[in-house]
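Shown next: data21.cif, containing mmCIF, C-alpha atoms.
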data_work
#
loop_
_atom_site.label_atom_id
_atom_site.label_comp_id
_atom_site.auth_asym_id
_atom_site.auth_seq_id
_atom_site.Cartn_x
_atom_site.Cartn_y
_atom_site.Cartn_z
CA MET X 264 -138.91 -295.03 -86.34
CA THR X 265 -138.34 -291.27 -86.45
CA ILE X 266 -135.00 -289.95 -87.60
CA ASN X 267 -134.50 -288.13 -84.28
CA LEU X 268 -134.89 -291.33 -82.26
CA LEU X 269 -132.67 -293.27 -84.67
CA LEU X 270 -129.85 -290.70 -84.45
CA VAL X 271 -130.06 -290.63 -80.65
CA LEU X 272 -129.90 -294.43 -80.46
CA LEU X 273 -126.93 -294.58 -82.83
CA LEU X 274 -125.02 -291.86 -80.96
CA ALA X 275 -125.72 -293.40 -77.54
CA GLY X 276 -124.93 -296.89 -78.80
CA GLY X 277 -121.70 -295.71 -80.41
CA TRP X 278 -120.60 -293.99 -77.21
CA ILE X 279 -121.37 -297.06 -75.09
CA GLY X 280 -119.64 -299.36 -77.58
CA GLY X 281 -116.55 -297.14 -77.58
CA ARG X 282 -116.44 -297.09 -73.79
CA LEU X 283 -116.80 -300.86 -73.48
CA PHE X 284 -113.99 -301.52 -75.95
CA SER X 285 -111.75 -298.99 -74.18
CA ARG X 286 -112.34 -300.85 -70.91
CA VAL X 287 -110.89 -304.04 -72.41
CA ARG X 288 -108.02 -302.09 -74.01
CA LEU X 289 -109.26 -302.30 -77.56
CA PRO X 290 -109.65 -299.25 -79.85
CA SER X 291 -112.85 -297.40 -78.94
CA VAL X 292 -113.59 -296.70 -82.60
CA LEU X 293 -113.73 -300.45 -83.20
CA GLY X 294 -116.60 -300.62 -80.72
CA MET X 295 -118.34 -297.76 -82.54
CA LEU X 296 -117.88 -299.48 -85.89
CA LEU X 297 -119.31 -302.77 -84.63
CA VAL X 298 -122.28 -301.00 -83.05
CA GLY X 299 -123.01 -299.57 -86.50
CA VAL X 300 -122.71 -303.03 -88.08
CA ALA X 301 -125.09 -304.48 -85.48
CA ALA X 302 -127.55 -301.61 -86.00
CA GLY X 303 -127.41 -301.99 -89.79
CA PRO X 304 -130.43 -304.34 -90.11
CA LEU X 305 -132.56 -301.95 -88.02
CA VAL X 306 -131.46 -299.00 -90.13
CA ARG X 307 -132.16 -300.78 -93.42
CA ALA X 308 -135.56 -301.99 -92.19
CA SER X 309 -137.00 -298.93 -90.47
CA ALA X 310 -134.92 -295.83 -91.16
CA PRO X 311 -136.87 -293.03 -92.89
CA PRO X 312 -135.69 -292.04 -96.39
CA LEU X 313 -134.26 -288.81 -94.98
CA PHE X 314 -131.68 -290.82 -93.03
CA GLY X 315 -130.24 -292.19 -96.27
CA GLU X 316 -129.84 -288.63 -97.55
CA LEU X 317 -128.32 -287.32 -94.32
CA SER X 318 -125.79 -290.12 -93.76
CA PRO X 319 -123.34 -289.12 -96.53
CA MET X 320 -123.48 -285.49 -95.41
CA LEU X 321 -122.81 -286.38 -91.77
CA ARG X 322 -119.91 -288.64 -92.74
CA SER X 323 -118.49 -285.85 -94.89
CA ILE X 324 -118.68 -283.31 -92.05
CA ALA X 325 -116.98 -285.74 -89.67
CA LEU X 326 -114.18 -286.32 -92.19
CA VAL X 327 -113.80 -282.55 -92.62
CA VAL X 328 -113.34 -282.17 -88.86
CA ILE X 329 -110.60 -284.77 -88.61
CA LEU X 330 -108.80 -283.64 -91.79
CA LEU X 331 -108.74 -280.05 -90.55
CA ARG X 332 -107.26 -281.29 -87.28
CA ALA X 333 -104.65 -283.18 -89.28
CA GLY X 334 -103.74 -280.11 -91.34
CA LEU X 335 -103.50 -277.95 -88.23
CA GLY X 336 -100.86 -280.34 -86.89
CA ILE X 337 -98.56 -280.37 -89.93
CA ARG X 338 -95.70 -277.87 -90.13
CA THR X 339 -93.74 -276.89 -93.23
CA SER X 340 -90.52 -278.30 -91.81
CA ALA X 341 -92.17 -281.67 -91.16
CA LEU X 342 -93.69 -281.79 -94.62
CA LYS X 343 -90.35 -280.99 -96.27
CA ARG X 344 -88.65 -283.83 -94.41
CA SER X 345 -91.34 -286.32 -95.41
CA GLY X 346 -92.02 -285.08 -98.95
CA VAL X 347 -90.31 -287.70 -101.14
CA THR X 348 -91.29 -290.65 -98.94
CA ALA X 349 -94.89 -289.39 -98.71
CA ALA X 350 -95.05 -289.16 -102.50
CA LEU X 351 -93.76 -292.72 -102.88
CA LEU X 352 -96.21 -293.97 -100.24
CA ALA X 353 -99.01 -292.27 -102.14
CA VAL X 354 -98.26 -294.05 -105.41
CA ILE X 355 -96.40 -297.35 -105.05
CA PRO X 356 -98.60 -299.29 -102.57
CA CYS X 357 -101.85 -298.27 -104.28
CA LEU X 358 -100.70 -299.16 -107.79
CA LEU X 359 -99.05 -302.40 -106.72
CA GLU X 360 -102.12 -303.57 -104.78
CA GLY X 361 -104.44 -302.48 -107.58
CA GLY X 362 -102.34 -304.25 -110.20
CA VAL X 363 -102.21 -307.52 -108.28
CA LEU X 364 -105.94 -307.42 -107.53
CA MET X 365 -106.73 -306.79 -111.20
CA LEU X 366 -104.94 -310.00 -112.08
CA VAL X 367 -106.72 -311.88 -109.28
CA PHE X 368 -110.17 -310.67 -110.34
CA ARG X 369 -109.42 -311.34 -114.01
CA HIS X 370 -107.91 -314.81 -113.75
CA PHE X 371 -109.49 -316.29 -110.60
CA TRP X 372 -112.88 -314.60 -110.56
CA GLY X 373 -113.33 -314.56 -114.34
CA PHE X 374 -114.06 -310.81 -114.53
CA GLU X 375 -113.57 -308.79 -117.68
CA TRP X 376 -110.64 -306.38 -117.45
CA VAL X 377 -112.87 -303.35 -116.88
CA SER X 378 -114.76 -304.95 -114.00
CA ALA X 379 -111.50 -306.30 -112.60
CA GLY X 380 -109.99 -302.81 -112.63
CA ALA X 381 -113.01 -301.27 -110.89
CA ALA X 382 -112.98 -303.96 -108.19
CA ALA X 383 -109.22 -303.73 -107.72
CA PHE X 384 -108.99 -299.99 -107.17
CA LEU X 385 -112.13 -299.87 -105.06
CA LEU X 386 -110.43 -302.30 -102.69
CA SER X 387 -107.02 -300.62 -102.86
CA ALA X 388 -108.07 -297.34 -101.20
CA VAL X 389 -106.84 -296.92 -97.63
CA SER X 390 -109.33 -295.46 -95.14
CA PRO X 391 -108.78 -291.83 -94.04
CA ALA X 392 -111.47 -292.29 -91.38
CA VAL X 393 -109.29 -294.88 -89.65
CA VAL X 394 -105.79 -293.67 -90.46
CA VAL X 395 -106.09 -289.91 -89.86
CA PRO X 396 -107.40 -290.01 -86.24
CA SER X 397 -104.82 -292.65 -85.35
CA MET X 398 -101.96 -290.54 -86.72
CA ILE X 399 -103.20 -287.44 -84.90
CA ILE X 400 -103.20 -289.29 -81.56
CA LEU X 401 -99.59 -290.34 -82.15
CA MET X 402 -98.54 -286.87 -83.35
CA GLU X 403 -100.04 -285.27 -80.24
CA GLY X 404 -98.13 -287.76 -78.10
CA GLY X 405 -94.85 -286.94 -79.86
CA TYR X 406 -94.41 -290.45 -81.29
CA GLY X 407 -92.50 -290.88 -84.54
CA LYS X 408 -91.55 -287.20 -84.50
CA GLN X 409 -87.85 -287.65 -85.25
CA ASN X 410 -88.55 -288.95 -88.77
CA GLU X 411 -92.06 -287.41 -89.02
CA VAL X 412 -93.59 -290.84 -89.61
CA PRO X 413 -97.24 -289.97 -88.79
CA THR X 414 -97.02 -286.82 -90.92
CA THR X 415 -95.60 -288.84 -93.82
CA ILE X 416 -98.44 -291.35 -93.54
CA LEU X 417 -101.07 -288.59 -93.38
CA ALA X 418 -99.77 -286.99 -96.57
CA GLY X 419 -99.27 -290.29 -98.40
CA ALA X 420 -102.63 -291.79 -97.45
CA SER X 421 -104.59 -288.73 -98.56
CA VAL X 422 -103.09 -288.85 -102.06
CA ASP X 423 -103.36 -292.67 -102.13
CA ASP X 424 -107.13 -292.21 -101.91
CA VAL X 425 -107.13 -289.71 -104.77
CA ILE X 426 -105.33 -292.17 -107.05
CA ALA X 427 -107.49 -295.16 -106.06
CA ILE X 428 -110.80 -293.30 -106.44
CA THR X 429 -109.77 -291.76 -109.76
CA LEU X 430 -108.73 -295.12 -111.22
CA PHE X 431 -111.92 -296.73 -109.91
CA THR X 432 -113.89 -293.99 -111.67
CA VAL X 433 -111.90 -294.53 -114.87
CA PHE X 434 -112.86 -298.21 -115.01
CA VAL X 435 -116.49 -297.56 -114.05
CA ASN X 436 -116.75 -294.99 -116.84
CA ALA X 437 -115.09 -297.37 -119.28
CA ALA X 438 -117.77 -299.94 -118.45
CA GLY X 439 -120.35 -297.36 -119.48
CA ASP X 440 -118.84 -297.02 -122.96
CA GLY X 441 -116.64 -294.16 -121.87
CA ALA X 442 -113.37 -295.88 -122.76
CA ALA X 443 -112.31 -292.94 -124.92
CA GLU X 444 -112.15 -290.82 -121.75
CA VAL X 445 -109.79 -293.15 -119.89
CA GLY X 446 -106.60 -291.41 -121.01
CA ARG X 447 -108.00 -288.02 -120.11
CA ALA X 448 -109.06 -289.25 -116.67
CA LEU X 449 -105.62 -290.71 -115.96
CA ALA X 450 -103.99 -287.46 -116.99
CA SER X 451 -106.28 -285.58 -114.63
CA ILE X 452 -104.83 -287.16 -111.48
CA PRO X 453 -101.94 -284.65 -111.11
CA LEU X 454 -104.37 -281.83 -111.93
CA GLN X 455 -106.79 -283.02 -109.24
CA ILE X 456 -104.03 -283.04 -106.66
CA ALA X 457 -102.49 -279.71 -107.70
CA GLY X 458 -105.89 -278.06 -108.00
CA ALA X 459 -106.90 -279.22 -104.52
CA VAL X 460 -103.68 -277.97 -102.96
CA LEU X 461 -104.06 -274.62 -104.76
CA ALA X 462 -107.71 -274.23 -103.73
CA GLY X 463 -106.93 -275.21 -100.14
CA SER X 464 -103.98 -272.81 -100.03
CA VAL X 465 -106.04 -269.89 -101.32
CA LEU X 466 -108.86 -270.61 -98.87
CA GLY X 467 -106.37 -271.02 -96.02
CA LEU X 468 -104.70 -267.69 -96.84
CA VAL X 469 -108.05 -265.88 -96.98
CA LEU X 470 -109.16 -267.36 -93.66
CA ALA X 471 -105.80 -266.61 -92.02
CA TRP X 472 -106.02 -262.97 -93.15
CA TRP X 473 -109.61 -262.69 -91.93
CA PHE X 474 -108.93 -264.32 -88.58
CA ARG X 475 -105.85 -262.15 -87.93
CA ARG X 476 -107.73 -259.00 -88.92
CA HIS X 477 -110.66 -259.81 -86.62
CA ALA X 478 -108.82 -261.80 -83.96
CA GLU X 479 -110.31 -259.89 -81.05
CA SER X 480 -113.80 -259.25 -82.38
CA ILE X 481 -114.70 -262.83 -83.38
CA ARG X 482 -115.13 -265.52 -80.75
CA ALA X 483 -113.32 -268.85 -81.12
CA THR X 484 -116.63 -270.64 -81.68
CA GLU X 485 -117.47 -268.28 -84.54
CA LYS X 486 -114.06 -268.90 -86.11
CA PHE X 487 -114.71 -272.62 -85.79
CA LEU X 488 -118.08 -272.32 -87.56
CA LEU X 489 -116.58 -270.21 -90.36
CA LEU X 490 -113.77 -272.73 -90.84
CA ILE X 491 -116.14 -275.72 -90.96
CA ALA X 492 -118.50 -273.93 -93.36
CA ALA X 493 -115.63 -272.92 -95.66
CA ALA X 494 -114.19 -276.47 -95.63
CA ILE X 495 -117.56 -278.05 -96.45
CA MET X 496 -117.99 -275.59 -99.31
CA LEU X 497 -114.53 -276.56 -100.57
CA VAL X 498 -115.54 -280.24 -100.51
CA GLU X 499 -118.74 -279.50 -102.45
CA ILE X 500 -116.93 -277.43 -105.08
CA GLY X 501 -114.10 -279.96 -105.28
CA GLN X 502 -116.52 -282.81 -105.93
CA ALA X 503 -118.31 -280.78 -108.58
CA VAL X 504 -115.14 -279.93 -110.52
CA HIS X 505 -113.32 -283.21 -109.75
CA LEU X 506 -110.61 -282.03 -107.38
CA ALA X 507 -109.07 -284.02 -104.51
CA ALA X 508 -111.31 -282.21 -102.04
CA LEU X 509 -110.17 -283.96 -98.86
CA LEU X 510 -106.54 -283.13 -99.63
CA GLY X 511 -107.63 -279.53 -100.12
CA VAL X 512 -109.27 -279.51 -96.67
CA MET X 513 -106.06 -280.73 -95.05
CA THR X 514 -104.17 -277.99 -96.90
CA VAL X 515 -106.45 -275.33 -95.38
CA GLY X 516 -105.38 -276.41 -91.89
CA PHE X 517 -101.72 -276.54 -92.90
CA VAL X 518 -101.81 -272.96 -94.25
CA LEU X 519 -103.64 -271.66 -91.19
CA LEU X 520 -100.94 -273.12 -88.92
CA GLU X 521 -98.25 -271.38 -90.97
CA ARG X 522 -99.96 -267.98 -91.33
CA ALA X 523 -102.04 -267.63 -88.13
CA GLU X 524 -100.49 -269.96 -85.57
CA SER X 525 -102.23 -268.69 -82.44
CA VAL X 526 -105.62 -268.93 -84.16
CA ALA X 527 -104.69 -272.39 -85.48
CA HIS X 528 -104.05 -273.68 -81.96
CA GLU X 529 -107.33 -272.15 -80.82
CA LEU X 530 -109.20 -273.86 -83.66
CA ALA X 531 -107.42 -277.16 -83.05
CA GLY X 532 -108.83 -277.15 -79.52
CA LYS X 533 -112.36 -276.57 -80.82
CA LEU X 534 -111.97 -279.28 -83.47
CA GLY X 535 -110.69 -281.68 -80.83
CA LYS X 536 -113.89 -281.20 -78.86
CA ALA X 537 -116.07 -281.50 -81.97
CA TRP X 538 -114.31 -284.76 -82.85
CA VAL X 539 -115.77 -286.40 -79.71
CA ILE X 540 -119.16 -286.40 -81.44
CA ALA X 541 -117.92 -286.53 -85.04
CA GLU X 542 -115.92 -289.70 -84.33
CA ILE X 543 -119.01 -291.55 -83.12
CA VAL X 544 -121.05 -290.32 -86.08
CA LEU X 545 -118.41 -291.31 -88.62
CA PHE X 546 -117.69 -294.84 -87.44
CA VAL X 547 -121.25 -295.77 -86.52
CA LEU X 548 -122.52 -294.59 -89.91
CA ILE X 549 -119.76 -296.48 -91.72
CA GLY X 550 -120.83 -299.55 -89.76
CA THR X 551 -124.50 -299.15 -90.72
CA ALA X 552 -123.48 -299.18 -94.39
CA VAL X 553 -121.97 -302.66 -93.97
CA ASN X 554 -124.17 -305.68 -94.63
CA PRO X 555 -122.47 -308.83 -93.26
CA GLU X 556 -124.70 -311.03 -95.43
CA HIS X 557 -122.91 -309.69 -98.50
CA ALA X 558 -119.53 -310.50 -96.93
CA LEU X 559 -120.51 -314.10 -96.17
CA SER X 560 -121.56 -314.70 -99.77
CA VAL X 561 -117.96 -314.61 -101.07
CA GLY X 562 -116.46 -316.73 -98.28
CA LEU X 563 -112.86 -317.86 -98.41
CA ALA X 564 -112.37 -316.64 -101.98
CA GLY X 565 -113.03 -313.10 -100.78
CA VAL X 566 -110.67 -313.50 -97.82
CA ALA X 567 -107.91 -314.82 -100.09
CA THR X 568 -108.40 -311.95 -102.54
CA ILE X 569 -108.18 -309.32 -99.80
CA ALA X 570 -105.11 -311.04 -98.34
CA ALA X 571 -103.39 -311.03 -101.75
CA GLY X 572 -104.04 -307.30 -102.05
CA LEU X 573 -102.70 -306.59 -98.55
CA VAL X 574 -99.54 -308.57 -99.23
CA ALA X 575 -98.95 -306.57 -102.41
CA ARG X 576 -99.68 -303.30 -100.56
CA SER X 577 -97.29 -304.24 -97.76
CA VAL X 578 -94.53 -304.95 -100.27
CA GLY X 579 -95.29 -301.57 -101.86
CA VAL X 580 -94.98 -299.81 -98.50
CA LEU X 581 -91.64 -301.47 -97.82
CA LEU X 582 -90.38 -300.45 -101.26
CA ALA X 583 -91.61 -296.87 -100.79
CA THR X 584 -89.80 -296.55 -97.46
CA ALA X 585 -86.62 -298.37 -98.50
CA PHE X 586 -84.55 -295.17 -98.66
CA SER X 587 -86.53 -293.10 -96.19
CA GLY X 588 -84.18 -293.39 -93.23
CA PHE X 589 -86.98 -294.95 -91.19
CA SER X 590 -86.06 -297.66 -88.70
CA ALA X 591 -87.29 -301.22 -89.19
CA GLY X 592 -89.99 -300.62 -86.57
CA GLU X 593 -91.15 -297.43 -88.28
CA ARG X 594 -91.37 -299.17 -91.64
CA LEU X 595 -93.42 -301.98 -90.09
CA PHE X 596 -95.68 -299.34 -88.55
CA CYS X 597 -96.21 -297.87 -92.04
CA VAL X 598 -97.27 -301.33 -93.22
CA PHE X 599 -99.81 -301.57 -90.39
CA SER X 600 -101.11 -298.05 -91.09
CA TYR X 601 -101.86 -298.89 -94.72
CA ILE X 602 -104.04 -301.91 -93.88
CA PRO X 603 -107.42 -300.36 -92.88
CA LYS X 604 -110.15 -300.02 -95.49
CA ALA X 605 -113.57 -298.56 -94.71
CA THR X 606 -114.51 -295.09 -95.94
CA VAL X 607 -114.18 -295.46 -99.71
CA GLN X 608 -115.44 -299.04 -99.76
CA ALA X 609 -118.55 -298.09 -97.75
CA ALA X 610 -119.24 -295.05 -99.94
CA LEU X 611 -118.59 -296.59 -103.38
CA GLY X 612 -118.97 -300.36 -102.93
CA ALA X 613 -122.48 -300.45 -104.38
CA VAL X 614 -121.69 -298.24 -107.42
CA PRO X 615 -120.73 -301.07 -109.84
CA LEU X 616 -123.87 -303.02 -108.90
CA SER X 617 -126.12 -299.97 -109.31
CA MET X 618 -124.66 -299.41 -112.79
CA GLY X 619 -125.32 -302.99 -113.84
CA MET X 620 -121.62 -303.79 -114.18
CA ALA X 621 -120.78 -307.47 -114.63
CA GLY X 622 -119.73 -308.87 -111.26
CA GLY X 623 -121.22 -305.91 -109.40
CA GLU X 624 -122.73 -308.01 -106.62
CA ALA X 625 -119.44 -309.83 -106.00
CA ILE X 626 -117.57 -306.50 -105.96
CA LEU X 627 -119.94 -305.16 -103.29
CA SER X 628 -119.57 -308.35 -101.24
CA VAL X 629 -115.76 -308.26 -101.31
CA ALA X 630 -115.78 -304.54 -100.43
CA VAL X 631 -117.98 -305.23 -97.38
CA LEU X 632 -115.74 -308.12 -96.34
CA ALA X 633 -112.68 -305.87 -96.68
CA ILE X 634 -114.21 -303.41 -94.22
CA LEU X 635 -115.09 -306.14 -91.71
CA LEU X 636 -111.61 -307.69 -91.86
CA THR X 637 -109.17 -304.83 -92.38
CA ALA X 638 -110.68 -301.96 -90.37
CA PRO X 639 -110.62 -303.86 -87.03
CA LEU X 640 -107.25 -305.47 -87.83
CA GLY X 641 -105.62 -302.20 -88.87
CA LEU X 642 -107.03 -300.30 -85.90
CA TRP X 643 -105.82 -302.93 -83.47
CA LEU X 644 -102.33 -303.10 -84.97
CA ILE X 645 -101.90 -299.31 -85.06
CA ARG X 646 -103.22 -298.66 -81.56
CA THR X 647 -101.57 -301.69 -79.94
CA PHE X 648 -98.10 -301.60 -81.49
CA GLY X 649 -97.79 -298.03 -82.78
CA THR X 650 -96.15 -296.45 -79.74
CA GLY X 651 -93.68 -299.31 -79.40
CA LEU X 652 -92.68 -299.35 -83.06
CA LEU X 653 -92.24 -295.57 -83.23
CA GLY X 654 -89.92 -295.42 -80.23
CA SER X 655 -89.79 -292.92 -77.39
CA PRO X 656 -91.95 -289.80 -77.80
CA LEU X 657 -90.38 -286.39 -78.33
CA PRO X 658 -91.85 -283.13 -77.00
CA SER X 659 -94.56 -281.63 -79.22
CA ASP X 660 -93.82 -278.21 -80.70
CA GLU X 661 -97.23 -276.85 -79.82
CA GLY X 662 -98.32 -279.10 -77.00
CA SER X 663 -98.63 -276.25 -74.47
CA ASP X 664 -101.01 -274.34 -76.72
CA ARG X 665 -103.38 -277.15 -77.56
CA ASP X 666 -106.77 -277.17 -75.90
CA ASP X 667 -107.93 -280.78 -75.51
#
Mind converting the file's structure to structure tokens?
Amino acid sequence: MTINLLLVLLLAGGWIGGRLFSRVRLPSVLGMLLVGVAAGPLVRASAPPLFGELSPMLRSIALVVILLRAGLGIRTSALKRSGVTAALLAVIPCLLEGGVLMLVFRHFWGFEWVSAGAAAFLLSAVSPAVVVPSMIILMEGGYGKQNEVPTTILAGASVDDVIAITLFTVFVNAAGDGAAEVGRALASIPLQIAGAVLAGSVLGLVLAWWFRRHAESIRATEKFLLLIAAAIMLVEIGQAVHLAALLGVMTVGFVLLERAESVAHELAGKLGKAWVIAEIVLFVLIGTAVNPEHALSVGLAGVATIAAGLVARSVGVLLATAFSGFSAGERLFCVFSYIPKATVQAALGAVPLSMGMAGGEAILSVAVLAILLTAPLGLWLIRTFGTGLLGSPLPSDEGSDRDD
């Protein structure tokens, strides 16, 4: 099968799946994800090698689109109100879930500590692909605005991923006789976050200056292309020098909104239209990376392990929001929002196995099972109960300027 035909089939199938699920009042992205899962055997059997090389790039571009949209919807005042709670949500749930899962993998699966740590923090990462679009929908509707709940979750979840991925990398490196570097890697987490925010701020300031200077001579589509190209370059550089690149991308949008608001609203409209395609690409491709046969191989033990991690994460979310001023419904919504796992597990699930790490096949199987169980569950909980738990919507500050 040619790559052109395969991409057309995946896009058309994802669109149809999304429409069908919307008709029965289920999240459309769940339909897209399941279309990808169903198409996985065809992709693995007949996709040309080029498809395997293009898939990570396409997923990265789609994530860039949605993270820029997220950044373009976050104001300084909102970030200040959510700062402490966002920081706690970034750290406590991830570390608590990772710690509990390490004990589970060590004592119930018989893993060595290094393998247990790699498995635990691979599973503990929340999915930006699921969480970010869901929060944007609620932000645009004015839900949770009084206490800036969606903004808090956006900020917390992005850093949560940084911590989980870094700790996963630490344990993977330790398995490769790099234990001496563990301390240095742990110390690098604040530097990764600060470096990403600094890089994103600088890029955002440069783009804001350029867009203001050439506001009339550059079309909105050209501004959109420049923004996407600059954000992708930031991701590439960030990955090369070990910065939290996705957090940096969100920062670019945040700075643009503060320094060039009219241009930011213009770009948000363009990104909203691009997301129609990017959403299908992202979720279908995540689905194609999932092999249900791996998930079935770990059975009830895998389900119990994932459940133990989610319970620990939920306790962590409740602790992190204990003094936030959030209502009981808002705190429960935060718990629901921290359930979905997909992006990191799909991208990194096979790494321990490819490195020959003890327990690598079981780690991959549990990661696949986590996607199949938590992504649909989290999506359904967020989309079904989110508006009710967050209370009545408030008017959006920039709703009249947004081009949907």
### Message
Residues within 12 Å of stretch 523-528 of chain X, please, as a ChimeraX atom specification. Count all atoms listed in the file; anything in the same chain fewer than 2 positions from it doesn't count.
### Response
/X:331-338,467-479,481-487,490,515-521,530-535,660-667
### Message
Using the chain letters and numbers from this file, what does the PyMOL selection byres ((chain X and resi 460-462) around 10) select? Give the answer as a count of residues only.
### Response
25
### Message
Since I can't run it myself right now, could you work out what the PyMOL selection byres ((chain X and resi 293) around 9) selects here and report it as JSON, numbers by chain?
### Response
{"X": [280, 281, 284, 289, 290, 291, 292, 294, 295, 296, 297, 298, 546, 638, 639, 642, 643]}
### Task
Skip X:Leu627 itself and residues of its chain fewer than 2 positions away, then list as an NGL selection string all residues within 9 Å of it, counting all atoms listed in the file.
:X and (382 or 557-558 or 608 or 611-616 or 622-625 or 629-632)
### Message
To test your reading of the syntax: which residues would the PyMOL selection byres ((chain X and resi 412-417) around 7) return for the file shown? Reply as a count of residues only.
### Response
15
### Message
Using Å and a single decimal, report how far atom CA of X:Ala302 sits from atom CA of X:Leu272.
### Response
9.4 Å
### Separation of atom CA of X:Leu352 from atom CA of X:Ser390 in Å
14.2 Å
### Distance criterion (only C-alpha atoms): nearest to X:Gly572 out of X:Phe586, X:Tyr406, X:Phe431, X:Phe384
X:Phe384
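Take the candidates X:Arg307, X:Arg322, X:Arg286, X:Arg522 and check each one against X:Thr339 using only C-alpha atoms; the shortest distance goes to X:Arg522.
Residues with any atom within 12 Å of stretch 312-314 of chain X, counting only C-alpha atoms and excluding same-chain neighbours fewer than 6 positions away, are Met264, Thr265, Ile266, Asn267, Leu268, Leu269, Leu270, Leu273, Val306, Met320, Leu321, Arg322, Leu548, Thr551 and Ala552 of chain X.
Compared by their closest atoms to X:Gly380, and using all atoms listed in the file, the residues X:Ala605, X:Val347, X:Val598, X:Ile428 rank with X:Ile428 nearest.
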Provide an axis-aligned box for all listed atoms of stretch 553-567 of chain X, padding each side by 6 Å; report its centre and its edge lengths in Å to one decimal, as AutoDock Vina command-line options.
--center_x -116.3 --center_y -310.3 --center_z -97.6 --size_x 28.8 --size_y 27.2 --size_z 20.7
